[in-house]
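Here's the structure, in structure tokens; my notes come after.
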Amino acid sequence: MLTRSRPRWWLPESQATPETVYAGRRRLLSALGIGGLGLASARARGAERPPVPSPTIAPAVPTRPALGAPAADLYPAKRNPAFALDRPLSVEDVVARSNIFDEFGDERSRIWEAAAAFSVAPWRIHIGGAVEAQITLDAEALLRRVSLEERLYRHRCVETWAMAVPWTGFPLRALVEIAKPLAGARFVRMLSLLRPDLPGWTASRRVFPYYEALSMAEAMNPLAFIATGIYGHPLPMQHGAPLRLVVPWKYGYKSLKSVVAFQFTRERPGTFWNELSPTTYGFEANVDPTSTQPWPQAEETLLGSNERRKTLPFNGYAAEVAALYA
Ligand SMILES: Nc1nc2c(c(=O)[nH]1)N[C@H]1C(S)=C(S)[C@@H](COP(=O)(O)O)O[C@H]1N2
Ligand SMILES: [Mo]
């Protein structure tokens with residue numbers, strides 16, 4: 001069985017830290033004069049040299065919006081009160097430091113560092129397939145064309161951790177309306193960023209880009225959301241800037257990050273995890289407490305507090321979406 005992550009004792013051949021990230025951090029530390037060696041030799045030299053002036057490079061912060069994030073002046077957006085939670089919001093700094101974005105690496109606590117130097121400007125989005133006319137538009141133009149709002153959503157990863165966050169974004173339905181799919185279009189496929197230079201592309205046995213899909217009925221459901229921001233500001237890179245899918249009734253792997261293309265199709269497209277391991281990762285991937293794939297799904301652990309909760313069918317969104325599957 002191929003599972004999407006390894007047990008805790010697993011150590012990669014490459015010894016966890018991608019070389020580029022490690023080298024980058026060493027460079028930053030020594031630029032700040034706080035690298036281990038730099039500190040020791042400065043002390044040894046004692047009074048030979050005046051104290052180093054205060055650093056001009058700000059330390060990296062995981063909650064910082066992605067470099068070049070579009071339409072930053074549109075934040076914070078007004079909260080839509082229709083989307084309430086049954087639990088406290090997760091702590092921003094905790095969720096910003098615990099991510100799954102395999103293109104940047106496979107160590108959850110280090111994705112934010114690996115992604116920190118990545119710029120999302122410019123960001124072209126292609127809309128094609130079974131549509132009236134193909135469109136290419138950039139993220140900046142798209143964000144100014146739709147109306148941004150904030151929604152509080154639960155998120156449930158198939159690895160059984162869960163979080164609750166305020167996303168900023170717009171309904172996926174608004175994008176479908178811009179795309180004008182033909183009457184025969186039954187699915188929308190989405191592709192993630194195509195950047196073979198990212199560290200995870202070669203560290204993994206898997207081949208990217210990451211791709212996902214929804215039926216048109218799912219895409220038109222009012223819960224299906226394109227997030228462009230989190231906690232009242234544009235998305236940090238590790239969360240999938242400048243725009244990512246959010247389908248809160250499904251396992252997190254459906255919510256692909258950093259979307260570059262929306263393709264409308266007549267046939268059901270393949271999806272990344274489903275094609276890697278069809279019996280473990282379904283196409284629908286609706287959160288299901290009775291499932292044992294790839295582990296028992298009856299409970300979940302909240303990110304940050306480690307509180308255990310019972311998993312809810314459709315992640316608590318049955319009233320909104322169960323009819324789609326009846
Ligand atoms: N492109 C891409 N999108 C992705 C993933 C990924 O590895 N690559 N991981 C998915 C998984 S398994 C989860 S749980 C969520 C995690 O989102 P977060 O890091 O913003 O919490 O992103 C999803 N989207
Ligand atoms: Mo996940």
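Letters for chains follow the order of the structure tokens (A, B, ...), residue numbers begin at 1 for each chain, and ligand numbers begin at 1 in the order shown.
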### Message
Please extract the residues of stretch 73-298 of chain A with a backbone DSSP assignment of strand (DSSP E) and present them as a PyMOL selection string.
### Response
chain A and resi 124-129+135-138+149-156+161-171+187-192+211-215+225-230+233-234+244-246+259-265
* Asked: Residues within 8 Å of ligand 1 (only C-alpha atoms and all ligand atoms), as a PyMOL selection string?
  -> chain A and resi 4+95-96+98-103+155-159+163+191-193+209-211+238-240+244-245+251-259
Store the residues picked out above in a file with N, CA, C and O atoms, as a CSV table (one decimal), in the first residue's frame.
chain,number,residue,atom,x,y,z
A,4,ARG,N,0.3,8.4,1.7
A,4,ARG,CA,0.8,9.7,1.3
A,4,ARG,C,1.9,10.2,2.2
A,4,ARG,O,2.6,11.2,1.9
A,95,VAL,N,-0.6,26.6,12.2
A,95,VAL,CA,-0.9,26.1,10.9
A,95,VAL,C,0.0,26.6,9.8
A,95,VAL,O,0.3,25.9,8.8
A,96,ALA,N,0.7,27.7,10.0
A,96,ALA,CA,1.6,28.2,9.0
A,96,ALA,C,2.9,27.5,9.0
A,96,ALA,O,3.8,27.6,8.1
A,98,SER,N,3.0,24.0,9.7
A,98,SER,CA,2.7,22.6,9.5
A,98,SER,C,1.9,22.4,8.2
A,98,SER,O,0.7,22.6,8.2
A,99,ASN,N,2.6,22.0,7.2
A,99,ASN,CA,1.9,22.0,5.9
A,99,ASN,C,2.2,20.7,5.1
A,99,ASN,O,3.2,20.0,5.3
A,100,ILE,N,1.4,20.4,4.1
A,100,ILE,CA,1.7,19.4,3.1
A,100,ILE,C,1.6,20.1,1.8
A,100,ILE,O,0.6,20.7,1.4
A,101,PHE,N,2.8,20.1,1.1
A,101,PHE,CA,3.0,20.7,-0.2
A,101,PHE,C,4.2,20.0,-0.8
A,101,PHE,O,5.3,20.4,-0.7
A,102,ASP,N,3.9,18.8,-1.3
A,102,ASP,CA,5.0,17.8,-1.6
A,102,ASP,C,6.0,18.4,-2.7
A,102,ASP,O,7.1,18.0,-2.7
A,103,GLU,N,5.5,19.3,-3.5
A,103,GLU,CA,6.4,19.9,-4.5
A,103,GLU,C,7.6,20.7,-3.8
A,103,GLU,O,8.6,20.9,-4.4
A,155,HIS,N,-11.0,21.9,8.3
A,155,HIS,CA,-10.1,21.2,7.3
A,155,HIS,C,-9.7,19.8,7.9
A,155,HIS,O,-9.3,19.8,9.0
A,156,ARG,N,-9.8,18.8,7.1
A,156,ARG,CA,-9.5,17.4,7.6
A,156,ARG,C,-8.6,16.7,6.7
A,156,ARG,O,-9.0,16.4,5.5
A,157,CYS,N,-7.4,16.4,7.1
A,157,CYS,CA,-6.4,15.7,6.3
A,157,CYS,C,-6.7,14.2,6.5
A,157,CYS,O,-7.0,13.8,7.6
A,158,VAL,N,-6.4,13.4,5.5
A,158,VAL,CA,-6.6,12.0,5.5
A,158,VAL,C,-5.6,11.3,6.6
A,158,VAL,O,-5.8,10.2,7.0
A,159,GLU,N,-4.6,12.1,6.9
A,159,GLU,CA,-3.6,11.6,7.9
A,159,GLU,C,-4.2,11.8,9.3
A,159,GLU,O,-3.5,11.5,10.3
A,163,MET,N,-7.8,21.1,11.2
A,163,MET,CA,-7.7,22.5,11.7
A,163,MET,C,-8.9,23.2,11.3
A,163,MET,O,-9.8,22.7,10.7
A,191,LEU,N,-4.9,22.0,-12.2
A,191,LEU,CA,-3.5,21.6,-12.1
A,191,LEU,C,-2.8,22.6,-11.2
A,191,LEU,O,-3.0,23.8,-11.2
A,192,SER,N,-1.8,22.1,-10.5
A,192,SER,CA,-1.0,22.9,-9.6
A,192,SER,C,0.2,23.4,-10.4
A,192,SER,O,0.5,22.9,-11.5
A,193,LEU,N,1.0,24.2,-9.7
A,193,LEU,CA,2.2,24.8,-10.3
A,193,LEU,C,3.1,23.8,-11.0
A,193,LEU,O,3.3,22.7,-10.5
A,209,PRO,N,3.2,17.8,-12.3
A,209,PRO,CA,2.4,18.6,-11.3
A,209,PRO,C,1.2,17.8,-10.7
A,209,PRO,O,0.8,16.7,-11.2
A,210,TYR,N,0.8,18.3,-9.5
A,210,TYR,CA,-0.3,17.7,-8.8
A,210,TYR,C,-1.6,18.1,-9.5
A,210,TYR,O,-1.7,19.2,-10.0
A,211,TYR,N,-2.5,17.2,-9.6
A,211,TYR,CA,-3.8,17.5,-10.3
A,211,TYR,C,-5.0,16.9,-9.5
A,211,TYR,O,-4.9,15.9,-8.9
A,238,GLN,N,3.3,28.6,1.5
A,238,GLN,CA,3.1,27.2,1.9
A,238,GLN,C,1.7,26.7,2.0
A,238,GLN,O,1.4,25.5,1.9
A,239,HIS,N,0.7,27.7,2.0
A,239,HIS,CA,-0.7,27.3,2.0
A,239,HIS,C,-1.2,27.3,0.5
A,239,HIS,O,-2.4,27.1,0.3
A,240,GLY,N,-0.4,27.6,-0.5
A,240,GLY,CA,-0.9,27.5,-1.8
A,240,GLY,C,-1.2,28.8,-2.6
A,240,GLY,O,-2.1,28.8,-3.4
A,244,ARG,N,-5.8,28.6,-4.1
A,244,ARG,CA,-5.9,27.2,-3.9
A,244,ARG,C,-7.4,26.8,-3.7
A,244,ARG,O,-8.2,27.6,-3.3
A,245,LEU,N,-7.7,25.6,-4.1
A,245,LEU,CA,-9.0,25.0,-3.9
A,245,LEU,C,-9.2,24.7,-2.4
A,245,LEU,O,-8.3,24.3,-1.7
A,251,TYR,N,-11.4,15.1,2.1
A,251,TYR,CA,-10.0,15.1,2.7
A,251,TYR,C,-9.2,16.1,2.0
A,251,TYR,O,-9.4,16.5,0.8
A,252,GLY,N,-8.2,16.6,2.8
A,252,GLY,CA,-7.4,17.8,2.3
A,252,GLY,C,-6.7,17.6,1.0
A,252,GLY,O,-6.4,18.6,0.3
A,253,TYR,N,-6.4,16.3,0.6
A,253,TYR,CA,-5.6,16.2,-0.6
A,253,TYR,C,-6.4,16.6,-1.9
A,253,TYR,O,-5.8,16.8,-2.9
A,254,LYS,N,-7.8,16.7,-1.7
A,254,LYS,CA,-8.5,17.3,-2.9
A,254,LYS,C,-8.3,18.8,-3.1
A,254,LYS,O,-8.5,19.3,-4.2
A,255,SER,N,-7.9,19.4,-2.0
A,255,SER,CA,-7.8,20.9,-2.0
A,255,SER,C,-6.4,21.3,-2.6
A,255,SER,O,-5.6,21.8,-1.8
A,256,LEU,N,-6.3,21.2,-3.9
A,256,LEU,CA,-4.9,21.5,-4.4
A,256,LEU,C,-4.5,22.9,-4.3
A,256,LEU,O,-5.4,23.8,-4.4
A,257,LYS,N,-3.2,23.1,-4.2
A,257,LYS,CA,-2.7,24.4,-4.0
A,257,LYS,C,-2.1,25.1,-5.3
A,257,LYS,O,-1.8,24.3,-6.2
A,258,SER,N,-2.0,26.3,-5.2
A,258,SER,CA,-1.3,27.1,-6.3
A,258,SER,C,-1.7,26.7,-7.7
A,258,SER,O,-1.0,26.1,-8.5
A,259,VAL,N,-3.0,26.9,-7.9
A,259,VAL,CA,-3.7,26.4,-9.2
A,259,VAL,C,-3.2,27.3,-10.4
A,259,VAL,O,-3.2,28.5,-10.3
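When the distance limit is 8 Å and only C-alpha atoms are what count, the residues near stretch 129-145 of chain A, minus those fewer than 6 positions from it on the same chain, are Pro70, Ala71, Pro122, Trp123, Ala179, Lys180, Pro181, Leu182, Gly184, Ala185, Pro242, Leu243, Gln263, Phe264, Thr265 and Arg266 of chain A.
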I need the residues from that last selection saved to file as a PDB file, in the first residue's frame (with N, CA, C and O atoms), if you can.
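Output (part11.pdb):
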ATOM      1  N   PRO A  70      -0.955  38.776  -5.232  1.00  0.00           N
ATOM      2  CA  PRO A  70      -1.759  39.766  -5.949  1.00  0.00           C
ATOM      3  C   PRO A  70      -2.798  40.459  -5.069  1.00  0.00           C
ATOM      4  O   PRO A  70      -3.237  39.895  -4.059  1.00  0.00           O
ATOM      5  N   ALA A  71      -3.184  41.655  -5.469  1.00  0.00           N
ATOM      6  CA  ALA A  71      -4.332  42.394  -4.907  1.00  0.00           C
ATOM      7  C   ALA A  71      -4.319  42.450  -3.379  1.00  0.00           C
ATOM      8  O   ALA A  71      -5.360  42.281  -2.734  1.00  0.00           O
ATOM      9  N   PRO A 122       4.666  37.167 -11.911  1.00  0.00           N
ATOM     10  CA  PRO A 122       3.249  37.127 -12.286  1.00  0.00           C
ATOM     11  C   PRO A 122       2.710  35.711 -12.197  1.00  0.00           C
ATOM     12  O   PRO A 122       3.484  34.759 -12.176  1.00  0.00           O
ATOM     13  N   TRP A 123       1.375  35.561 -12.145  1.00  0.00           N
ATOM     14  CA  TRP A 123       0.762  34.230 -12.036  1.00  0.00           C
ATOM     15  C   TRP A 123      -0.343  34.120 -13.079  1.00  0.00           C
ATOM     16  O   TRP A 123      -1.407  34.713 -12.942  1.00  0.00           O
ATOM     17  N   ALA A 179     -15.651  31.062 -16.712  1.00  0.00           N
ATOM     18  CA  ALA A 179     -15.156  30.084 -17.688  1.00  0.00           C
ATOM     19  C   ALA A 179     -16.182  29.758 -18.774  1.00  0.00           C
ATOM     20  O   ALA A 179     -15.812  29.408 -19.891  1.00  0.00           O
ATOM     21  N   LYS A 180     -17.463  29.853 -18.460  1.00  0.00           N
ATOM     22  CA  LYS A 180     -18.538  29.490 -19.396  1.00  0.00           C
ATOM     23  C   LYS A 180     -18.349  28.101 -20.011  1.00  0.00           C
ATOM     24  O   LYS A 180     -18.154  27.962 -21.226  1.00  0.00           O
ATOM     25  N   PRO A 181     -18.429  27.039 -19.190  1.00  0.00           N
ATOM     26  CA  PRO A 181     -18.294  25.687 -19.735  1.00  0.00           C
ATOM     27  C   PRO A 181     -19.438  25.348 -20.693  1.00  0.00           C
ATOM     28  O   PRO A 181     -20.550  25.866 -20.543  1.00  0.00           O
ATOM     29  N   LEU A 182     -19.164  24.475 -21.650  1.00  0.00           N
ATOM     30  CA  LEU A 182     -20.190  24.001 -22.579  1.00  0.00           C
ATOM     31  C   LEU A 182     -21.161  23.085 -21.846  1.00  0.00           C
ATOM     32  O   LEU A 182     -20.833  22.539 -20.780  1.00  0.00           O
ATOM     33  N   GLY A 184     -21.987  20.104 -22.262  1.00  0.00           N
ATOM     34  CA  GLY A 184     -21.523  18.733 -22.030  1.00  0.00           C
ATOM     35  C   GLY A 184     -20.451  18.599 -20.961  1.00  0.00           C
ATOM     36  O   GLY A 184     -20.034  17.481 -20.628  1.00  0.00           O
ATOM     37  N   ALA A 185     -19.972  19.699 -20.391  1.00  0.00           N
ATOM     38  CA  ALA A 185     -18.889  19.620 -19.398  1.00  0.00           C
ATOM     39  C   ALA A 185     -19.441  19.039 -18.107  1.00  0.00           C
ATOM     40  O   ALA A 185     -20.422  19.536 -17.563  1.00  0.00           O
ATOM     41  N   PRO A 242      -0.924  31.759  -5.278  1.00  0.00           N
ATOM     42  CA  PRO A 242      -1.843  32.840  -4.907  1.00  0.00           C
ATOM     43  C   PRO A 242      -3.302  32.397  -4.799  1.00  0.00           C
ATOM     44  O   PRO A 242      -4.115  33.144  -4.307  1.00  0.00           O
ATOM     45  N   LEU A 243      -3.617  31.160  -5.261  1.00  0.00           N
ATOM     46  CA  LEU A 243      -4.979  30.670  -5.080  1.00  0.00           C
ATOM     47  C   LEU A 243      -4.980  29.158  -5.003  1.00  0.00           C
ATOM     48  O   LEU A 243      -4.210  28.492  -5.688  1.00  0.00           O
ATOM     49  N   GLN A 263      -9.563  23.047 -16.219  1.00  0.00           N
ATOM     50  CA  GLN A 263      -9.904  22.416 -17.500  1.00  0.00           C
ATOM     51  C   GLN A 263     -11.236  21.708 -17.353  1.00  0.00           C
ATOM     52  O   GLN A 263     -11.401  20.868 -16.467  1.00  0.00           O
ATOM     53  N   PHE A 264     -12.179  22.025 -18.224  1.00  0.00           N
ATOM     54  CA  PHE A 264     -13.501  21.413 -18.156  1.00  0.00           C
ATOM     55  C   PHE A 264     -13.519  20.202 -19.081  1.00  0.00           C
ATOM     56  O   PHE A 264     -13.009  20.273 -20.199  1.00  0.00           O
ATOM     57  N   THR A 265     -14.051  19.077 -18.559  1.00  0.00           N
ATOM     58  CA  THR A 265     -13.993  17.831 -19.329  1.00  0.00           C
ATOM     59  C   THR A 265     -15.353  17.138 -19.351  1.00  0.00           C
ATOM     60  O   THR A 265     -16.185  17.343 -18.465  1.00  0.00           O
ATOM     61  N   ARG A 266     -15.518  16.309 -20.337  1.00  0.00           N
ATOM     62  CA  ARG A 266     -16.752  15.502 -20.435  1.00  0.00           C
ATOM     63  C   ARG A 266     -16.588  14.205 -19.649  1.00  0.00           C
ATOM     64  O   ARG A 266     -17.528  13.731 -19.038  1.00  0.00           O
TER      65      ARG A 266
END
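With only C-alpha atoms and all ligand atoms as the atoms that count, the residue of A:Ala162, A:Ala213, A:Leu194, A:Leu276 with the shortest distance to ligand 2 is A:Ala162.
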Selection near A:Pro222, 7 Å with only C-alpha atoms, sequence-local residues under 2 positions removed, as a count of residues only:
3
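Using only C-alpha atoms for every distance, the candidate list A:Pro62, A:Gly128, A:Pro313, A:Gly105 yields A:Gly105 as the residue closest to A:Ser204.
Residue nearest ligand 2, chosen from A:Thr160, A:Ser305, A:Ser147, A:Ser119 and counting only C-alpha atoms and all ligand atoms: A:Thr160.
Among the candidates A:Leu67, A:Ala60, A:Val94, A:Val176, the one nearest to A:Leu303 when counting only C-alpha atoms is A:Val94.
With only C-alpha atoms and all ligand atoms as the basis for measurement, A:Asp106 is the residue among A:Phe262, A:Asp106, A:Leu175, A:Val120 that approaches ligand 2 most closely.
Going from atom CA of A:Trp167 to atom CA of A:Ile230 covers 4.4 Å.
Counting only C-alpha atoms and all ligand atoms, the residue from A:Ala285, A:Asp197, A:Glu92, A:Gly232 that sits nearest to ligand 2 is A:Ala285.
By chain and then residue number, the residues within 9 Å of A:Ser215 are Arg186, Phe187, Val188, Arg189 and Arg268 of chain A, counting only C-alpha atoms and disregarding those fewer than 6 positions away in sequence.
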Could you dump the residues just selected with C-alpha atoms as a CSV table (one decimal), in the first residue's frame?
chain,number,residue,atom,x,y,z
A,186,ARG,CA,-19.3,17.3,-16.4
A,187,PHE,CA,-16.0,17.8,-14.5
A,188,VAL,CA,-13.5,20.4,-13.8
A,189,ARG,CA,-9.8,19.4,-13.5
A,268,ARG,CA,-14.0,12.0,-15.4
_Using DSSP assignments from the backbone, pull out every residue in stretch 171-313 of chain A that falls under helix (DSSP H, G or I) and give it to me as JSON, numbers by chain._
{"A": [172, 173, 174, 175, 176, 177, 178, 179, 199, 200, 201, 202, 203, 216, 217, 218, 219, 220, 237, 238, 239, 252, 253, 254, 272, 273, 274, 275, 276, 313]}
Keeping only N, CA, C and O atoms, take the residues you just selected and write them out as a compact mmCIF listing (two decimals), in the first residue's frame.
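Saved the output as part_30.txt:
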# COMPACT_ATOMS: atom_id res chain seq x y z
N LEU A 172 -16.03 28.86 -5.90
CA LEU A 172 -15.56 28.28 -7.16
C LEU A 172 -16.57 28.53 -8.27
O LEU A 172 -16.23 28.71 -9.44
N ARG A 173 -17.84 28.59 -7.88
CA ARG A 173 -18.91 28.86 -8.84
C ARG A 173 -18.65 30.16 -9.64
O ARG A 173 -18.96 30.23 -10.84
N ALA A 174 -18.07 31.16 -8.99
CA ALA A 174 -17.79 32.43 -9.68
C ALA A 174 -16.77 32.21 -10.80
O ALA A 174 -16.86 32.83 -11.87
N LEU A 175 -15.82 31.31 -10.58
CA LEU A 175 -14.85 31.01 -11.63
C LEU A 175 -15.51 30.24 -12.77
O LEU A 175 -15.23 30.49 -13.95
N VAL A 176 -16.40 29.31 -12.42
CA VAL A 176 -17.11 28.55 -13.45
C VAL A 176 -17.91 29.52 -14.33
O VAL A 176 -17.97 29.38 -15.56
N GLU A 177 -18.50 30.54 -13.71
CA GLU A 177 -19.28 31.51 -14.49
C GLU A 177 -18.39 32.31 -15.44
O GLU A 177 -18.78 32.62 -16.56
N ILE A 178 -17.17 32.62 -15.01
CA ILE A 178 -16.22 33.30 -15.90
C ILE A 178 -15.82 32.36 -17.04
O ILE A 178 -15.70 32.76 -18.20
N ALA A 179 -15.65 31.06 -16.71
CA ALA A 179 -15.16 30.08 -17.69
C ALA A 179 -16.18 29.76 -18.77
O ALA A 179 -15.81 29.41 -19.89
N PRO A 199 12.28 21.89 -4.83
CA PRO A 199 13.03 20.79 -4.22
C PRO A 199 12.28 19.46 -4.17
O PRO A 199 12.89 18.40 -4.33
N GLY A 200 10.97 19.50 -3.99
CA GLY A 200 10.20 18.26 -3.87
C GLY A 200 10.06 17.49 -5.18
O GLY A 200 9.75 16.30 -5.17
N TRP A 201 10.26 18.16 -6.30
CA TRP A 201 10.06 17.50 -7.60
C TRP A 201 11.05 16.36 -7.80
O TRP A 201 10.73 15.37 -8.44
N THR A 202 12.25 16.51 -7.31
CA THR A 202 13.22 15.45 -7.51
C THR A 202 13.41 14.61 -6.26
O THR A 202 13.87 13.48 -6.34
N ALA A 203 13.04 15.14 -5.08
CA ALA A 203 13.18 14.36 -3.84
C ALA A 203 12.15 13.24 -3.79
O ALA A 203 12.35 12.24 -3.11
N MET A 216 -19.03 18.71 -11.85
CA MET A 216 -19.58 20.08 -11.96
C MET A 216 -20.54 20.36 -10.81
O MET A 216 -20.57 21.48 -10.29
N ALA A 217 -21.31 19.33 -10.38
CA ALA A 217 -22.24 19.55 -9.27
C ALA A 217 -21.47 19.92 -8.00
O ALA A 217 -21.90 20.79 -7.24
N GLU A 218 -20.32 19.27 -7.77
CA GLU A 218 -19.51 19.61 -6.60
C GLU A 218 -18.94 21.02 -6.74
O GLU A 218 -18.92 21.81 -5.78
N ALA A 219 -18.47 21.34 -7.94
CA ALA A 219 -17.85 22.66 -8.15
C ALA A 219 -18.86 23.78 -7.97
O ALA A 219 -18.51 24.88 -7.54
N MET A 220 -20.12 23.50 -8.30
CA MET A 220 -21.17 24.52 -8.19
C MET A 220 -21.76 24.59 -6.78
O MET A 220 -22.54 25.49 -6.47
N MET A 237 3.03 31.34 0.95
CA MET A 237 3.29 30.37 -0.11
C MET A 237 2.95 28.94 0.30
O MET A 237 2.39 28.16 -0.49
N GLN A 238 3.29 28.56 1.53
CA GLN A 238 3.12 27.16 1.93
C GLN A 238 1.65 26.72 1.96
O GLN A 238 1.36 25.53 1.94
N HIS A 239 0.72 27.69 1.99
CA HIS A 239 -0.70 27.35 1.96
C HIS A 239 -1.25 27.30 0.53
O HIS A 239 -2.44 27.06 0.34
N GLY A 252 -8.20 16.62 2.79
CA GLY A 252 -7.38 17.76 2.35
C GLY A 252 -6.69 17.57 1.02
O GLY A 252 -6.43 18.55 0.32
N TYR A 253 -6.40 16.32 0.62
CA TYR A 253 -5.64 16.16 -0.62
C TYR A 253 -6.41 16.59 -1.86
O TYR A 253 -5.83 16.79 -2.91
N LYS A 254 -7.75 16.74 -1.74
CA LYS A 254 -8.52 17.26 -2.88
C LYS A 254 -8.28 18.75 -3.08
O LYS A 254 -8.47 19.28 -4.17
N PHE A 272 -4.50 12.95 -8.74
CA PHE A 272 -3.13 12.59 -8.32
C PHE A 272 -3.07 11.39 -7.38
O PHE A 272 -2.48 10.35 -7.72
N TRP A 273 -3.69 11.48 -6.21
CA TRP A 273 -3.58 10.39 -5.23
C TRP A 273 -4.39 9.18 -5.64
O TRP A 273 -4.00 8.04 -5.39
N ASN A 274 -5.51 9.40 -6.28
CA ASN A 274 -6.34 8.28 -6.72
C ASN A 274 -5.60 7.43 -7.75
O ASN A 274 -5.66 6.20 -7.71
N GLU A 275 -4.85 8.06 -8.64
CA GLU A 275 -4.12 7.27 -9.63
C GLU A 275 -2.90 6.57 -9.02
O GLU A 275 -2.50 5.50 -9.47
N LEU A 276 -2.33 7.16 -7.96
CA LEU A 276 -1.20 6.51 -7.29
C LEU A 276 -1.65 5.28 -6.51
O LEU A 276 -0.95 4.28 -6.44
N PRO A 313 -19.33 12.81 9.55
CA PRO A 313 -19.54 12.51 8.12
C PRO A 313 -19.47 13.81 7.31
O PRO A 313 -19.98 14.84 7.75
Computed gap from atom CA of A:Arg154 to atom CA of A:Leu223 is 11.4 Å
Atom pair atom CA of A:Ala261 + atom CA of A:Ile125, distance 5.4 Å
